[in-house]
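Undergrad: This structure is in structure tokens; I'll ask about it shortly.
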Amino acid sequence: MKEKVEEILSQVLDFQAESKEALENFRITYLSKKGIIPALFADFKTVAPELRKEMGMKLNELKNVVQDKVDEQLQKFESQGSSEAGFDMSMPANEMRGARHPLSIVRRDINEIFAHLGFTIVEGPEIEDDYHVFSALNFPIDHPARDMQDTFFINKEPNVNKMSDILLRTHTSSVQVRAMENSQPPIRVIAPGRVFRNEAISARAHCIFHQIEGLYIDENVSFADLKQTLYHFVQEFFGEGTKVRFRPSYFPFTETSAEMDISCNICGGKGCNICKHTGWVEILGCGMCDPNILLSSGIDPEKYSGFAFGMGVERIAMLKYGVTALYLL
Ligand code: DAH
């Protein structure tokens with residue numbers, strides 16, 4: 001028995017587990033109830049009394065060596081990260097890249113299309129004054145948009161000229177005004193940004209959303225230029241063959257004003273829930289800049305004309321990706 005124990009001891013001392021499973025097998029082989037070490041302890045009864053002390057010590061040594069091996073190697077596997085968990089904390093994290101938000105992708109793609117047409121990107125403040133959001137754009141003093149129910153006011157003084165009210169911009173059209181104030185034609189800009197409306201949040205609309213505004217002012221700019229520019233944008237963004245149509249509309253700062261629809265890219269114009277079975281979906285408002293707006297921003301309307309447009313980024317992203325609900329409420 002002594003030789004047997006010594007042979008086992010020498011094997012055990014050399015043992016290196018290659019995996020956690022191999023280590024577990026090793027533990028079962030030696031230490032489990034039916035394993036080799038309990039069997040040796042069971043045989044201990046047969047050892048001659050004069051050898052018992054020595055054999056007892058040997059057996060205990062073997063048991064301790066095996067237990068230490070198991071503990072030590074288990075700790076090694078755990079600190080490396082087990083193969084079952086499938087990761088190794090020391091590896092570079094190149095499989096765990098972030099992704100762009102769909103709204104960022106849409107905004108970038110729209111910006112790029114207009115950049116190829118020579119538009120530059122401009123920005124304006126989110127906290128604006130009444131003048132740039134409403135007055136300079138010809139919104140009458142009692143227009144419903146100027147109501148507390150529609151606009152987030154930061155500072156609204158009763159009985160004081162409304163033009164000094166401070167508010168969160170309700171549209172990016174305010175950046176048109178700033179662009180006209182700050183430069184002379186030719187002006188060819190787009191202004192992407194966040195806008196704010198004091199409205200109930202629903203699955204399809206939030207009180208904070210994104211718009212992209214466009215403004216083009218030069219000599220002899222006509223409605224045909226507006227149509228061709230927006231038609232080009234739609235072909236690039238939604239794909240060739242997408243149809244467009246313009247419907248007469250009204251905005252205080254454009255004359256003529258229109259809304260533009262595209263053939264529904266979800267059903268291809270056949271009719272579906274997204275287009276409410278009409279085959280068309282509205283994507284933007286647009287029009288020829290009202291000469292009074294040019295004049296009040298320091299641009300000579302006798303010499304120059306221009307067009308403007310504004311679109312909602314969320315809406316366009318929903319159409320592009322066939323998303324029916326933006327928010328889970
Ligand atoms: N600002 C308008 C809105 O938020 C959209 C718009 C319409 C922008 C016509 C324009 C435009 O530049 O010409 O509903």
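Quick note on naming: the chains in the structure tokens go A, B, ... in the order shown, residues restart at 1 in each chain, and ligands are numbered from 1 in order of appearance.
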May I have the residues within 8 Å of ligand 1, computed using only C-alpha atoms and all ligand atoms, as a ChimeraX atom specification?
TA: /A:170-173,176,211,213-215,251,253-254,257-259,284-289,307-312
Undergrad: From the list A:His143, A:His116, A:Lys76, A:His210, which residue is nearest Glu18 in chain A when using only C-alpha atoms?
TA: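 Smallest separation from Glu18 in chain A among the options: A:Lys76.
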Undergrad: Nearest to Glu112 in chain A: which of A:Pro291, A:Pro192, A:Gly98, A:Pro38 is it, counting only C-alpha atoms?
TA: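 For Glu112 in chain A, the nearest of the candidates is A:Pro192.
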Undergrad: May I ask which of the residues A:Ser305, A:Ser222, A:Asn111, A:Gln228 is the closest one to Val189 in chain A, counting only C-alpha atoms?
TA: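 Counting only C-alpha atoms, the residue closest to Val189 in chain A is A:Asn111.
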Undergrad: Would you list, as an NGL selection string, the residues of range 101-293 of chain A that end up in strand (DSSP E) under DSSP run on this structure's backbone?
TA: :A and (120-121 or 127-129 or 153-155 or 166-168 or 187-196 or 208-218 or 244-251 or 254-263 or 280-289)
Undergrad: Can you pull out every residue within 12 Å of Leu40 in chain A, counting only C-alpha atoms, but drop anything in the same chain fewer than 3 positions away, and send it as a PyMOL selection string?
TA: chain A and resi 1-2+4-5+8+30-31+33-37+43-47+55-56+58-60+62-63
Undergrad: Would you mind telling me which residue in A:Phe41, A:Tyr327, A:Glu7, A:Gln67 lies nearest to Ala203 in chain A when using only C-alpha atoms?
TA: A:Tyr327
Undergrad: I need the residue nearest Ile299 in chain A from this list: A:Met318, A:Leu328, A:Ile187, A:Met180. Use only C-alpha atoms for the distance.
TA: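 Using only C-alpha atoms, the shortest distance to Ile299 in chain A belongs to A:Met180.
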